[in-house]
$ cat protein06.pdb   # PDB, C-alpha atoms and all ligand atoms
ATOM      1  CA  MET S1260      18.963   1.272  10.997  1.00  0.00           C
ATOM      2  CA  GLN S1261      16.702   0.023   8.232  1.00  0.00           C
ATOM      3  CA  CYS S1262      14.095   2.487   6.909  1.00  0.00           C
ATOM      4  CA  ILE S1263      11.759   0.189   5.009  1.00  0.00           C
ATOM      5  CA  ASP S1264       9.833   1.882   2.189  1.00  0.00           C
ATOM      6  CA  ILE S1265       6.742  -0.206   1.487  1.00  0.00           C
ATOM      7  CA  HIS S1266       5.590   1.680  -1.588  1.00  0.00           C
ATOM      8  CA  THR S1267       7.768   3.362  -4.149  1.00  0.00           C
ATOM      9  CA  HIS S1268       7.697   3.735  -7.921  1.00  0.00           C
ATOM     10  CA  GLN S1269      11.456   4.020  -8.311  1.00  0.00           C
ATOM     11  CA  ILE S1270      14.425   1.929  -7.212  1.00  0.00           C
ATOM     12  CA  PRO S1271      16.086   3.936  -4.432  1.00  0.00           C
ATOM     13  CA  ALA S1272      19.693   5.019  -4.852  1.00  0.00           C
ATOM     14  CA  GLY S1273      22.361   3.332  -2.780  1.00  0.00           C
ATOM     15  CA  THR S1274      22.615  -0.195  -1.465  1.00  0.00           C
ATOM     16  CA  GLY S1275      21.219  -2.094   1.488  1.00  0.00           C
ATOM     17  CA  LYS S1276      17.732  -0.615   1.225  1.00  0.00           C
ATOM     18  CA  LEU S1277      14.582  -2.596   1.886  1.00  0.00           C
ATOM     19  CA  PHE S1278      11.732  -1.472  -0.348  1.00  0.00           C
ATOM     20  CA  ILE S1279       8.704  -2.575  -2.322  1.00  0.00           C
ATOM     21  CA  LEU S1280       8.789  -1.319  -5.888  1.00  0.00           C
ATOM     22  CA  ASN S1281       5.332  -0.907  -7.352  1.00  0.00           C
ATOM     23  CA  ARG S1282       4.741  -2.073 -10.907  1.00  0.00           C
ATOM     24  CA  PHE S1283       1.676  -1.862 -13.064  1.00  0.00           C
ATOM     25  CA  PRO S1284       0.822  -5.023 -14.932  1.00  0.00           C
ATOM     26  CA  ASP S1285       1.933  -3.614 -18.287  1.00  0.00           C
ATOM     27  CA  ASN S1286       5.455  -3.053 -17.005  1.00  0.00           C
ATOM     28  CA  SER S1287       8.077  -5.746 -16.959  1.00  0.00           C
ATOM     29  CA  LEU S1288       9.782  -6.672 -13.707  1.00  0.00           C
ATOM     30  CA  PRO S1289      13.281  -5.145 -13.689  1.00  0.00           C
ATOM     31  CA  GLU S1290      16.338  -6.558 -11.925  1.00  0.00           C
ATOM     32  CA  LEU S1291      16.311  -5.526  -8.291  1.00  0.00           C
ATOM     33  CA  PRO S1292      19.178  -5.114  -5.841  1.00  0.00           C
ATOM     34  CA  PRO S1293      19.087  -7.335  -2.719  1.00  0.00           C
ATOM     35  CA  GLY S1294      16.368  -6.079  -0.364  1.00  0.00           C
ATOM     36  CA  GLY S1295      14.117  -5.088  -3.225  1.00  0.00           C
ATOM     37  CA  PHE S1296      10.655  -6.582  -3.641  1.00  0.00           C
ATOM     38  CA  PHE S1297       7.712  -5.964  -5.940  1.00  0.00           C
ATOM     39  CA  SER S1298       4.055  -5.208  -5.580  1.00  0.00           C
ATOM     40  CA  ILE S1299       2.067  -5.656  -8.723  1.00  0.00           C
ATOM     41  CA  GLY S1300      -1.515  -4.801  -9.431  1.00  0.00           C
ATOM     42  CA  LEU S1301      -4.055  -3.131 -11.594  1.00  0.00           C
ATOM     43  CA  HIS S1302      -4.475   0.506 -10.551  1.00  0.00           C
ATOM     44  CA  PRO S1303      -8.046   1.867 -10.832  1.00  0.00           C
ATOM     45  CA  TRP S1304      -6.908   4.647 -13.186  1.00  0.00           C
ATOM     46  CA  TYR S1305      -5.788   2.090 -15.735  1.00  0.00           C
ATOM     47  CA  VAL S1306      -8.567  -0.460 -15.557  1.00  0.00           C
ATOM     48  CA  GLY S1307      -9.829  -0.924 -19.111  1.00  0.00           C
ATOM     49  CA  GLY S1308     -13.309  -1.601 -20.461  1.00  0.00           C
ATOM     50  CA  SER S1309     -15.041  -4.966 -20.754  1.00  0.00           C
ATOM     51  CA  ARG S1310     -12.606  -6.601 -23.168  1.00  0.00           C
ATOM     52  CA  GLU S1311      -9.437  -4.855 -22.002  1.00  0.00           C
ATOM     53  CA  ILE S1312     -10.025  -5.768 -18.368  1.00  0.00           C
ATOM     54  CA  LYS S1313      -9.880  -9.499 -19.194  1.00  0.00           C
ATOM     55  CA  ARG S1314      -6.572  -9.027 -20.995  1.00  0.00           C
ATOM     56  CA  GLN S1315      -5.179  -7.025 -18.063  1.00  0.00           C
ATOM     57  CA  MET S1316      -6.271  -9.679 -15.601  1.00  0.00           C
ATOM     58  CA  SER S1317      -4.655 -12.513 -17.470  1.00  0.00           C
ATOM     59  CA  TYR S1318      -1.468 -10.486 -17.869  1.00  0.00           C
ATOM     60  CA  LEU S1319      -1.442  -9.861 -14.143  1.00  0.00           C
ATOM     61  CA  GLU S1320      -2.106 -13.504 -13.399  1.00  0.00           C
ATOM     62  CA  GLY S1321       1.027 -14.393 -15.311  1.00  0.00           C
ATOM     63  CA  LEU S1322       3.171 -12.065 -13.194  1.00  0.00           C
ATOM     64  CA  VAL S1323       1.904 -12.313  -9.622  1.00  0.00           C
ATOM     65  CA  SER S1324       3.776 -15.477  -8.788  1.00  0.00           C
ATOM     66  CA  SER S1325       7.118 -14.186 -10.091  1.00  0.00           C
ATOM     67  CA  ASP S1326      10.114 -14.056  -7.773  1.00  0.00           C
ATOM     68  CA  GLY S1327      10.095 -11.112  -5.413  1.00  0.00           C
ATOM     69  CA  VAL S1328       6.393 -10.257  -5.738  1.00  0.00           C
ATOM     70  CA  ILE S1329       5.308  -9.976  -2.115  1.00  0.00           C
ATOM     71  CA  ALA S1330       2.103  -7.951  -2.447  1.00  0.00           C
ATOM     72  CA  ILE S1331      -0.832  -7.354  -4.760  1.00  0.00           C
ATOM     73  CA  GLY S1332      -1.390  -3.700  -5.659  1.00  0.00           C
ATOM     74  CA  GLU S1333      -1.563  -0.943  -5.848  1.00  0.00           C
ATOM     75  CA  CYS S1334      -5.150  -1.628  -6.689  1.00  0.00           C
ATOM     76  CA  GLY S1335      -8.274  -0.060  -5.274  1.00  0.00           C
ATOM     77  CA  LEU S1336     -11.101   2.374  -5.712  1.00  0.00           C
ATOM     78  CA  ASP S1337     -11.033   5.989  -6.858  1.00  0.00           C
ATOM     79  CA  LYS S1338     -14.166   8.121  -6.991  1.00  0.00           C
ATOM     80  CA  VAL S1339     -12.381  10.968  -8.746  1.00  0.00           C
ATOM     81  CA  CYS S1340     -10.916   9.130 -11.736  1.00  0.00           C
ATOM     82  CA  LYS S1341     -12.673   8.498 -15.031  1.00  0.00           C
ATOM     83  CA  THR S1342     -12.741   4.703 -14.895  1.00  0.00           C
ATOM     84  CA  ASP S1343     -16.246   3.334 -14.739  1.00  0.00           C
ATOM     85  CA  TRP S1344     -17.062   2.365 -11.139  1.00  0.00           C
ATOM     86  CA  SER S1345     -18.310  -1.109 -12.015  1.00  0.00           C
ATOM     87  CA  TYR S1346     -14.995  -1.960 -13.730  1.00  0.00           C
ATOM     88  CA  GLN S1347     -13.008  -0.538 -10.816  1.00  0.00           C
ATOM     89  CA  LEU S1348     -14.967  -2.683  -8.421  1.00  0.00           C
ATOM     90  CA  GLU S1349     -14.647  -5.766 -10.579  1.00  0.00           C
ATOM     91  CA  ALA S1350     -10.867  -5.354 -10.886  1.00  0.00           C
ATOM     92  CA  PHE S1351     -10.402  -4.597  -7.195  1.00  0.00           C
ATOM     93  CA  LEU S1352     -12.485  -7.515  -5.929  1.00  0.00           C
ATOM     94  CA  TRP S1353     -10.843  -9.876  -8.370  1.00  0.00           C
ATOM     95  CA  GLN S1354      -7.423  -8.805  -7.077  1.00  0.00           C
ATOM     96  CA  CYS S1355      -8.554  -9.215  -3.465  1.00  0.00           C
ATOM     97  CA  ASP S1356      -9.663 -12.770  -4.278  1.00  0.00           C
ATOM     98  CA  MET S1357      -6.352 -13.481  -5.944  1.00  0.00           C
ATOM     99  CA  ALA S1358      -4.494 -12.082  -2.925  1.00  0.00           C
ATOM    100  CA  GLU S1359      -6.433 -14.464  -0.667  1.00  0.00           C
ATOM    101  CA  GLU S1360      -5.595 -17.380  -2.901  1.00  0.00           C
ATOM    102  CA  LEU S1361      -1.901 -16.510  -3.056  1.00  0.00           C
ATOM    103  CA  ASN S1362      -1.765 -15.431   0.587  1.00  0.00           C
ATOM    104  CA  LYS S1363      -0.269 -12.034  -0.274  1.00  0.00           C
ATOM    105  CA  PRO S1364      -1.220  -8.686   1.311  1.00  0.00           C
ATOM    106  CA  VAL S1365      -3.029  -6.015  -0.708  1.00  0.00           C
ATOM    107  CA  ILE S1366      -1.696  -2.456  -1.149  1.00  0.00           C
ATOM    108  CA  ILE S1367      -4.680  -0.205  -1.685  1.00  0.00           C
ATOM    109  CA  HIS S1368      -5.107   3.089  -3.523  1.00  0.00           C
ATOM    110  CA  CYS S1369      -8.237   4.799  -2.236  1.00  0.00           C
ATOM    111  CA  VAL S1370      -9.672   8.180  -3.189  1.00  0.00           C
ATOM    112  CA  ARG S1371     -12.974   9.205  -1.598  1.00  0.00           C
ATOM    113  CA  ALA S1372     -14.028   5.588  -1.304  1.00  0.00           C
ATOM    114  CA  TRP S1373     -13.234   5.020   2.376  1.00  0.00           C
ATOM    115  CA  ASN S1374     -16.715   3.913   3.205  1.00  0.00           C
ATOM    116  CA  ASP S1375     -16.628   1.358   0.399  1.00  0.00           C
ATOM    117  CA  ILE S1376     -13.291  -0.008   1.608  1.00  0.00           C
ATOM    118  CA  TYR S1377     -14.566  -0.182   5.177  1.00  0.00           C
ATOM    119  CA  HIS S1378     -17.719  -2.090   4.193  1.00  0.00           C
ATOM    120  CA  LEU S1379     -15.905  -4.415   1.809  1.00  0.00           C
ATOM    121  CA  HIS S1380     -13.367  -5.283   4.490  1.00  0.00           C
ATOM    122  CA  ARG S1381     -16.126  -5.907   6.997  1.00  0.00           C
ATOM    123  CA  LYS S1382     -18.115  -8.061   4.636  1.00  0.00           C
ATOM    124  CA  ARG S1383     -15.220 -10.080   3.260  1.00  0.00           C
ATOM    125  CA  ASN S1384     -13.159 -10.348   6.445  1.00  0.00           C
ATOM    126  CA  PRO S1385      -9.991 -11.143   4.458  1.00  0.00           C
ATOM    127  CA  LYS S1386      -7.277 -13.310   5.948  1.00  0.00           C
ATOM    128  CA  VAL S1387      -4.539 -11.346   4.173  1.00  0.00           C
ATOM    129  CA  PRO S1388      -3.704  -7.818   5.386  1.00  0.00           C
ATOM    130  CA  TRP S1389      -5.043  -4.776   3.559  1.00  0.00           C
ATOM    131  CA  ILE S1390      -2.754  -1.730   3.595  1.00  0.00           C
ATOM    132  CA  LEU S1391      -4.120   1.704   2.700  1.00  0.00           C
ATOM    133  CA  HIS S1392      -1.246   3.454   0.987  1.00  0.00           C
ATOM    134  CA  GLY S1393      -0.633   7.219   0.772  1.00  0.00           C
ATOM    135  CA  TYR S1394      -3.039   7.567   3.650  1.00  0.00           C
ATOM    136  CA  ASN S1395      -4.406  11.072   4.130  1.00  0.00           C
ATOM    137  CA  ALA S1396      -7.950  10.721   5.406  1.00  0.00           C
ATOM    138  CA  ASN S1397      -9.424  12.611   8.340  1.00  0.00           C
ATOM    139  CA  ASP S1398      -9.890  11.454  11.923  1.00  0.00           C
ATOM    140  CA  MET S1399     -13.537  10.453  11.471  1.00  0.00           C
ATOM    141  CA  VAL S1400     -12.689   8.132   8.608  1.00  0.00           C
ATOM    142  CA  THR S1401      -9.722   6.819  10.560  1.00  0.00           C
ATOM    143  CA  SER S1402     -11.737   5.914  13.622  1.00  0.00           C
ATOM    144  CA  GLN S1403     -14.156   3.995  11.419  1.00  0.00           C
ATOM    145  CA  LEU S1404     -11.363   2.141   9.618  1.00  0.00           C
ATOM    146  CA  LEU S1405      -9.662   1.326  12.925  1.00  0.00           C
ATOM    147  CA  GLN S1406     -12.633  -0.891  13.755  1.00  0.00           C
ATOM    148  CA  GLN S1407     -11.294  -3.248  11.111  1.00  0.00           C
ATOM    149  CA  ASN S1408      -7.903  -4.914  11.098  1.00  0.00           C
ATOM    150  CA  ILE S1409      -6.505  -2.602   8.408  1.00  0.00           C
ATOM    151  CA  PHE S1410      -2.980  -1.161   8.035  1.00  0.00           C
ATOM    152  CA  PHE S1411      -2.051   2.407   7.091  1.00  0.00           C
ATOM    153  CA  SER S1412       0.929   3.639   5.105  1.00  0.00           C
ATOM    154  CA  PHE S1413       1.968   7.283   5.267  1.00  0.00           C
ATOM    155  CA  GLY S1414       4.172   9.350   2.987  1.00  0.00           C
ATOM    156  CA  LYS S1415       4.403  12.934   1.813  1.00  0.00           C
ATOM    157  CA  ALA S1416       1.267  14.079   3.657  1.00  0.00           C
ATOM    158  CA  LEU S1417       3.024  13.568   7.005  1.00  0.00           C
ATOM    159  CA  LEU S1418       5.444  16.330   6.067  1.00  0.00           C
ATOM    160  CA  GLU S1419       2.624  18.792   5.437  1.00  0.00           C
ATOM    161  CA  GLU S1420       1.423  21.004   8.273  1.00  0.00           C
ATOM    162  CA  ASP S1421      -2.285  20.540   9.030  1.00  0.00           C
ATOM    163  CA  SER S1422      -2.708  17.574   6.706  1.00  0.00           C
ATOM    164  CA  PRO S1423      -5.486  15.164   7.714  1.00  0.00           C
ATOM    165  CA  ALA S1424      -2.774  12.478   7.728  1.00  0.00           C
ATOM    166  CA  ARG S1425      -0.923  14.120  10.614  1.00  0.00           C
ATOM    167  CA  LYS S1426      -3.930  14.074  12.866  1.00  0.00           C
ATOM    168  CA  SER S1427      -4.903  10.544  11.863  1.00  0.00           C
ATOM    169  CA  PHE S1428      -1.349   9.301  12.278  1.00  0.00           C
ATOM    170  CA  GLN S1429      -1.499   9.975  15.986  1.00  0.00           C
ATOM    171  CA  MET S1430      -4.644   7.870  16.402  1.00  0.00           C
ATOM    172  CA  ILE S1431      -3.203   4.725  14.863  1.00  0.00           C
ATOM    173  CA  PRO S1432      -1.416   2.105  16.976  1.00  0.00           C
ATOM    174  CA  PRO S1433       2.279   1.729  15.984  1.00  0.00           C
ATOM    175  CA  GLU S1434       1.786  -1.899  14.936  1.00  0.00           C
ATOM    176  CA  LYS S1435      -0.598  -0.770  12.180  1.00  0.00           C
ATOM    177  CA  ILE S1436       1.759   1.759  10.572  1.00  0.00           C
ATOM    178  CA  PHE S1437       3.980   1.733   7.482  1.00  0.00           C
ATOM    179  CA  LEU S1438       5.901   4.493   5.691  1.00  0.00           C
ATOM    180  CA  GLU S1439       6.492   5.130   2.006  1.00  0.00           C
ATOM    181  CA  THR S1440       7.757   7.570  -0.622  1.00  0.00           C
ATOM    182  CA  ASP S1441       5.318   6.653  -3.448  1.00  0.00           C
ATOM    183  CA  GLU S1442       6.049   8.772  -6.544  1.00  0.00           C
ATOM    184  CA  GLU S1443       7.643  11.615  -4.624  1.00  0.00           C
ATOM    185  CA  SER S1444      11.289  12.497  -4.820  1.00  0.00           C
ATOM    186  CA  LEU S1445      11.624  12.679  -1.063  1.00  0.00           C
ATOM    187  CA  SER S1446      13.846  10.421   0.964  1.00  0.00           C
ATOM    188  CA  ILE S1447      12.330   7.711   3.112  1.00  0.00           C
ATOM    189  CA  GLN S1448      14.628   8.837   5.953  1.00  0.00           C
ATOM    190  CA  ASN S1449      12.834  12.190   6.018  1.00  0.00           C
ATOM    191  CA  VAL S1450       9.487  10.449   6.363  1.00  0.00           C
ATOM    192  CA  TYR S1451      10.834   8.324   9.234  1.00  0.00           C
ATOM    193  CA  GLU S1452      12.252  11.391  10.965  1.00  0.00           C
ATOM    194  CA  LYS S1453       8.962  13.276  10.759  1.00  0.00           C
ATOM    195  CA  ALA S1454       6.981  10.235  11.888  1.00  0.00           C
ATOM    196  CA  SER S1455       9.219   9.631  14.901  1.00  0.00           C
ATOM    197  CA  GLU S1456       8.968  13.303  15.839  1.00  0.00           C
ATOM    198  CA  LEU S1457       5.156  13.116  15.716  1.00  0.00           C
ATOM    199  CA  MET S1458       5.200   9.949  17.826  1.00  0.00           C
ATOM    200  CA  ASP S1459       7.795  11.412  20.169  1.00  0.00           C
ATOM    201  CA  ILE S1460      10.000   8.327  19.938  1.00  0.00           C
ATOM    202  CA  LYS S1461      13.511   7.739  18.616  1.00  0.00           C
ATOM    203  CA  VAL S1462      13.763   7.137  14.901  1.00  0.00           C
ATOM    204  CA  THR S1463      15.578   3.849  15.593  1.00  0.00           C
ATOM    205  CA  THR S1464      12.681   2.677  17.771  1.00  0.00           C
ATOM    206  CA  LEU S1465      10.234   3.525  15.008  1.00  0.00           C
ATOM    207  CA  ALA S1466      12.379   1.737  12.417  1.00  0.00           C
ATOM    208  CA  GLU S1467      12.427  -1.392  14.596  1.00  0.00           C
ATOM    209  CA  GLN S1468       8.671  -1.235  15.008  1.00  0.00           C
ATOM    210  CA  ILE S1469       8.123  -0.971  11.255  1.00  0.00           C
ATOM    211  CA  GLU S1470      10.545  -3.779  10.597  1.00  0.00           C
ATOM    212  CA  TRP S1471       8.482  -5.915  12.957  1.00  0.00           C
ATOM    213  CA  ASN S1472       5.273  -4.822  11.171  1.00  0.00           C
ATOM    214  CA  PHE S1473       6.882  -5.644   7.839  1.00  0.00           C
ATOM    215  CA  ARG S1474       7.639  -9.170   8.983  1.00  0.00           C
ATOM    216  CA  GLN S1475       4.105  -9.673  10.289  1.00  0.00           C
ATOM    217  CA  VAL S1476       2.444  -8.410   7.126  1.00  0.00           C
ATOM    218  CA  PHE S1477       4.741  -9.128   4.189  1.00  0.00           C
ATOM    219  CA  VAL S1478       6.842 -12.075   5.256  1.00  0.00           C
ATOM    220  CA  ARG S1479       4.070 -14.312   6.567  1.00  0.00           C
ATOM    221  CA  GLN S1480       4.076 -18.017   5.890  1.00  0.00           C
TER     222      GLN S1480
HETATM  223 ZN    ZN S1501       1.798   4.644  -5.800  1.00  0.00          ZN
END

$ encode --input "protein06.pdb" --output "structure tokens"
Amino acid sequence: MQCIDIHTHQIPAGTGKLFILNRFPDNSLPELPPGGFFSIGLHPWYVGGSREIKRQMSYLEGLVSSDGVIAIGECGLDKVCKTDWSYQLEAFLWQCDMAEELNKPVIIHCVRAWNDIYHLHRKRNPKVPWILHGYNANDMVTSQLLQQNIFFSFGKALLEEDSPARKSFQMIPPEKIFLETDEESLSIQNVYEKASELMDIKVTTLAEQIEWNFRQVFVRQ
């Protein structure tokens, strides 16, 4: 059984794992074991001011076509961080355009900007998939986002009793779901076990479903 981790910040221990290692543009791309891929993007926390942003963008441009980079991100919008909103928006939209050009999906970091993401997706109608990572929004937000063809990736929040993620998780069709560990030191197997319990299906069935989703979203031609 393959428990694909679509968003992690560390190379998992052991062999034979399928994962997407997230890198910020100022990091180099390390050697990866077979089954390892990269996502690379400019995170809203680290978007610089007017001059810095141009440097970051050109740095990113030089890396996005490297071997093993299968997604743009994490990038996105964050209403709680200090980065000026206009720069966040500029960096995010620029990365969405680049993703369209390169035909790569976008892994999105979103904090209290669900409405913005919803409207941007509606307006732009992107041909590449958008995946909301570390998803933990409530059921009202989820039903709005489900009107768009958006994907959802769940991690730590699924393991927490009464998290908004748990309730939302059960509203989302299986073909729109991914699982991840992000920066947490939890094992992806634990996330799969909890998710399959919440869905009341076998963990192997869930793993097959996510493998299918992975092929649809990340291994498109
Ligand atoms: Zn992350």

$ atom_distance --input "protein06.pdb" --atom1 "atom CA of S:Arg1474" --atom2 "atom CA of S:Trp1373"
26.1 Å

$ residues_around --input "protein06.pdb" --residues "S:Gly1332" --least-positions-apart "3" --cutoff "9 Å" --atoms "all atoms listed in the file" --output "list in words"
Asn1281, Arg1282, Phe1283, Ser1298, Ile1299, Gly1300, Leu1301, His1302, Gly1335, Gln1354, Pro1364, Val1365, Ile1366, Ile1367 and His1368 of chain S

$ closest_residue --input "protein06.pdb" --among "S:Thr1267, S:Val1450, S:Arg1479, S:Glu1434" --to "S:Glu1419" --atoms "all atoms listed in the file"
S:Val1450

$ residues_near_ligand --input "protein06.pdb" --ligand "ligand ZN 1501 (chain S)" --cutoff "8 Å" --atoms "all atoms listed in the file" --output "VMD selection string"
chain S and resid 1266 to 1268 1281 1333 1368 1392 to 1393 1441 to 1442

$ atom_distance --input "protein06.pdb" --atom1 "atom CA of S:Asp1459" --atom2 "atom CA of S:Ile1436"
14.9 Å

$ build_atoms --input "protein06.pdb" --residues "stretch 1396-1419 of chain S" --atoms "N, CA and C atoms" --output "PDB file, keeping the file's coordinate frame"
ATOM      1  N   ALA S1396      -6.534  10.480   5.110  1.00  0.00           N
ATOM      2  CA  ALA S1396      -7.950  10.721   5.406  1.00  0.00           C
ATOM      3  C   ALA S1396      -8.095  11.314   6.812  1.00  0.00           C
ATOM      4  N   ASN S1397      -9.236  11.889   7.076  1.00  0.00           N
ATOM      5  CA  ASN S1397      -9.424  12.611   8.340  1.00  0.00           C
ATOM      6  C   ASN S1397      -9.676  11.673   9.535  1.00  0.00           C
ATOM      7  N   ASP S1398      -9.776  12.259  10.701  1.00  0.00           N
ATOM      8  CA  ASP S1398      -9.890  11.454  11.923  1.00  0.00           C
ATOM      9  C   ASP S1398     -11.193  10.662  12.016  1.00  0.00           C
ATOM     10  N   MET S1399     -12.274  11.202  11.427  1.00  0.00           N
ATOM     11  CA  MET S1399     -13.537  10.453  11.471  1.00  0.00           C
ATOM     12  C   MET S1399     -13.447   9.167  10.661  1.00  0.00           C
ATOM     13  N   VAL S1400     -12.893   9.303   9.469  1.00  0.00           N
ATOM     14  CA  VAL S1400     -12.689   8.132   8.608  1.00  0.00           C
ATOM     15  C   VAL S1400     -11.759   7.144   9.313  1.00  0.00           C
ATOM     16  N   THR S1401     -10.713   7.677   9.907  1.00  0.00           N
ATOM     17  CA  THR S1401      -9.722   6.819  10.560  1.00  0.00           C
ATOM     18  C   THR S1401     -10.341   6.024  11.711  1.00  0.00           C
ATOM     19  N   SER S1402     -11.167   6.684  12.507  1.00  0.00           N
ATOM     20  CA  SER S1402     -11.737   5.914  13.622  1.00  0.00           C
ATOM     21  C   SER S1402     -12.675   4.825  13.118  1.00  0.00           C
ATOM     22  N   GLN S1403     -13.327   5.059  11.995  1.00  0.00           N
ATOM     23  CA  GLN S1403     -14.156   3.995  11.419  1.00  0.00           C
ATOM     24  C   GLN S1403     -13.272   2.837  10.922  1.00  0.00           C
ATOM     25  N   LEU S1404     -12.231   3.183  10.184  1.00  0.00           N
ATOM     26  CA  LEU S1404     -11.363   2.141   9.618  1.00  0.00           C
ATOM     27  C   LEU S1404     -10.624   1.356  10.704  1.00  0.00           C
ATOM     28  N   LEU S1405     -10.366   2.010  11.836  1.00  0.00           N
ATOM     29  CA  LEU S1405      -9.662   1.326  12.925  1.00  0.00           C
ATOM     30  C   LEU S1405     -10.508   0.215  13.561  1.00  0.00           C
ATOM     31  N   GLN S1406     -11.789   0.211  13.258  1.00  0.00           N
ATOM     32  CA  GLN S1406     -12.633  -0.891  13.755  1.00  0.00           C
ATOM     33  C   GLN S1406     -12.295  -2.193  13.042  1.00  0.00           C
ATOM     34  N   GLN S1407     -11.685  -2.067  11.886  1.00  0.00           N
ATOM     35  CA  GLN S1407     -11.294  -3.248  11.111  1.00  0.00           C
ATOM     36  C   GLN S1407      -9.793  -3.450  11.264  1.00  0.00           C
ATOM     37  N   ASN S1408      -9.332  -4.648  10.999  1.00  0.00           N
ATOM     38  CA  ASN S1408      -7.903  -4.914  11.098  1.00  0.00           C
ATOM     39  C   ASN S1408      -7.213  -4.494   9.796  1.00  0.00           C
ATOM     40  N   ILE S1409      -7.069  -3.180   9.628  1.00  0.00           N
ATOM     41  CA  ILE S1409      -6.505  -2.602   8.408  1.00  0.00           C
ATOM     42  C   ILE S1409      -5.198  -1.894   8.770  1.00  0.00           C
ATOM     43  N   PHE S1410      -4.257  -1.850   7.824  1.00  0.00           N
ATOM     44  CA  PHE S1410      -2.980  -1.161   8.035  1.00  0.00           C
ATOM     45  C   PHE S1410      -2.945   0.145   7.238  1.00  0.00           C
ATOM     46  N   PHE S1411      -2.085   1.066   7.675  1.00  0.00           N
ATOM     47  CA  PHE S1411      -2.051   2.407   7.091  1.00  0.00           C
ATOM     48  C   PHE S1411      -0.611   2.755   6.727  1.00  0.00           C
ATOM     49  N   SER S1412      -0.415   3.233   5.509  1.00  0.00           N
ATOM     50  CA  SER S1412       0.929   3.639   5.105  1.00  0.00           C
ATOM     51  C   SER S1412       0.939   5.132   4.777  1.00  0.00           C
ATOM     52  N   PHE S1413       1.898   5.825   5.386  1.00  0.00           N
ATOM     53  CA  PHE S1413       1.968   7.283   5.267  1.00  0.00           C
ATOM     54  C   PHE S1413       3.204   7.716   4.491  1.00  0.00           C
ATOM     55  N   GLY S1414       3.041   8.802   3.737  1.00  0.00           N
ATOM     56  CA  GLY S1414       4.172   9.350   2.987  1.00  0.00           C
ATOM     57  C   GLY S1414       4.199  10.854   3.086  1.00  0.00           C
ATOM     58  N   LYS S1415       4.249  11.481   1.927  1.00  0.00           N
ATOM     59  CA  LYS S1415       4.403  12.934   1.813  1.00  0.00           C
ATOM     60  C   LYS S1415       3.482  13.742   2.729  1.00  0.00           C
ATOM     61  N   ALA S1416       2.242  13.299   2.891  1.00  0.00           N
ATOM     62  CA  ALA S1416       1.267  14.079   3.657  1.00  0.00           C
ATOM     63  C   ALA S1416       1.707  14.304   5.108  1.00  0.00           C
ATOM     64  N   LEU S1417       2.544  13.395   5.620  1.00  0.00           N
ATOM     65  CA  LEU S1417       3.024  13.568   7.005  1.00  0.00           C
ATOM     66  C   LEU S1417       3.914  14.797   7.143  1.00  0.00           C
ATOM     67  N   LEU S1418       4.522  15.183   6.028  1.00  0.00           N
ATOM     68  CA  LEU S1418       5.444  16.330   6.067  1.00  0.00           C
ATOM     69  C   LEU S1418       4.701  17.652   5.906  1.00  0.00           C
ATOM     70  N   GLU S1419       3.397  17.568   5.646  1.00  0.00           N
ATOM     71  CA  GLU S1419       2.624  18.792   5.437  1.00  0.00           C
ATOM     72  C   GLU S1419       1.901  19.205   6.710  1.00  0.00           C
TER      73      GLU S1419
END
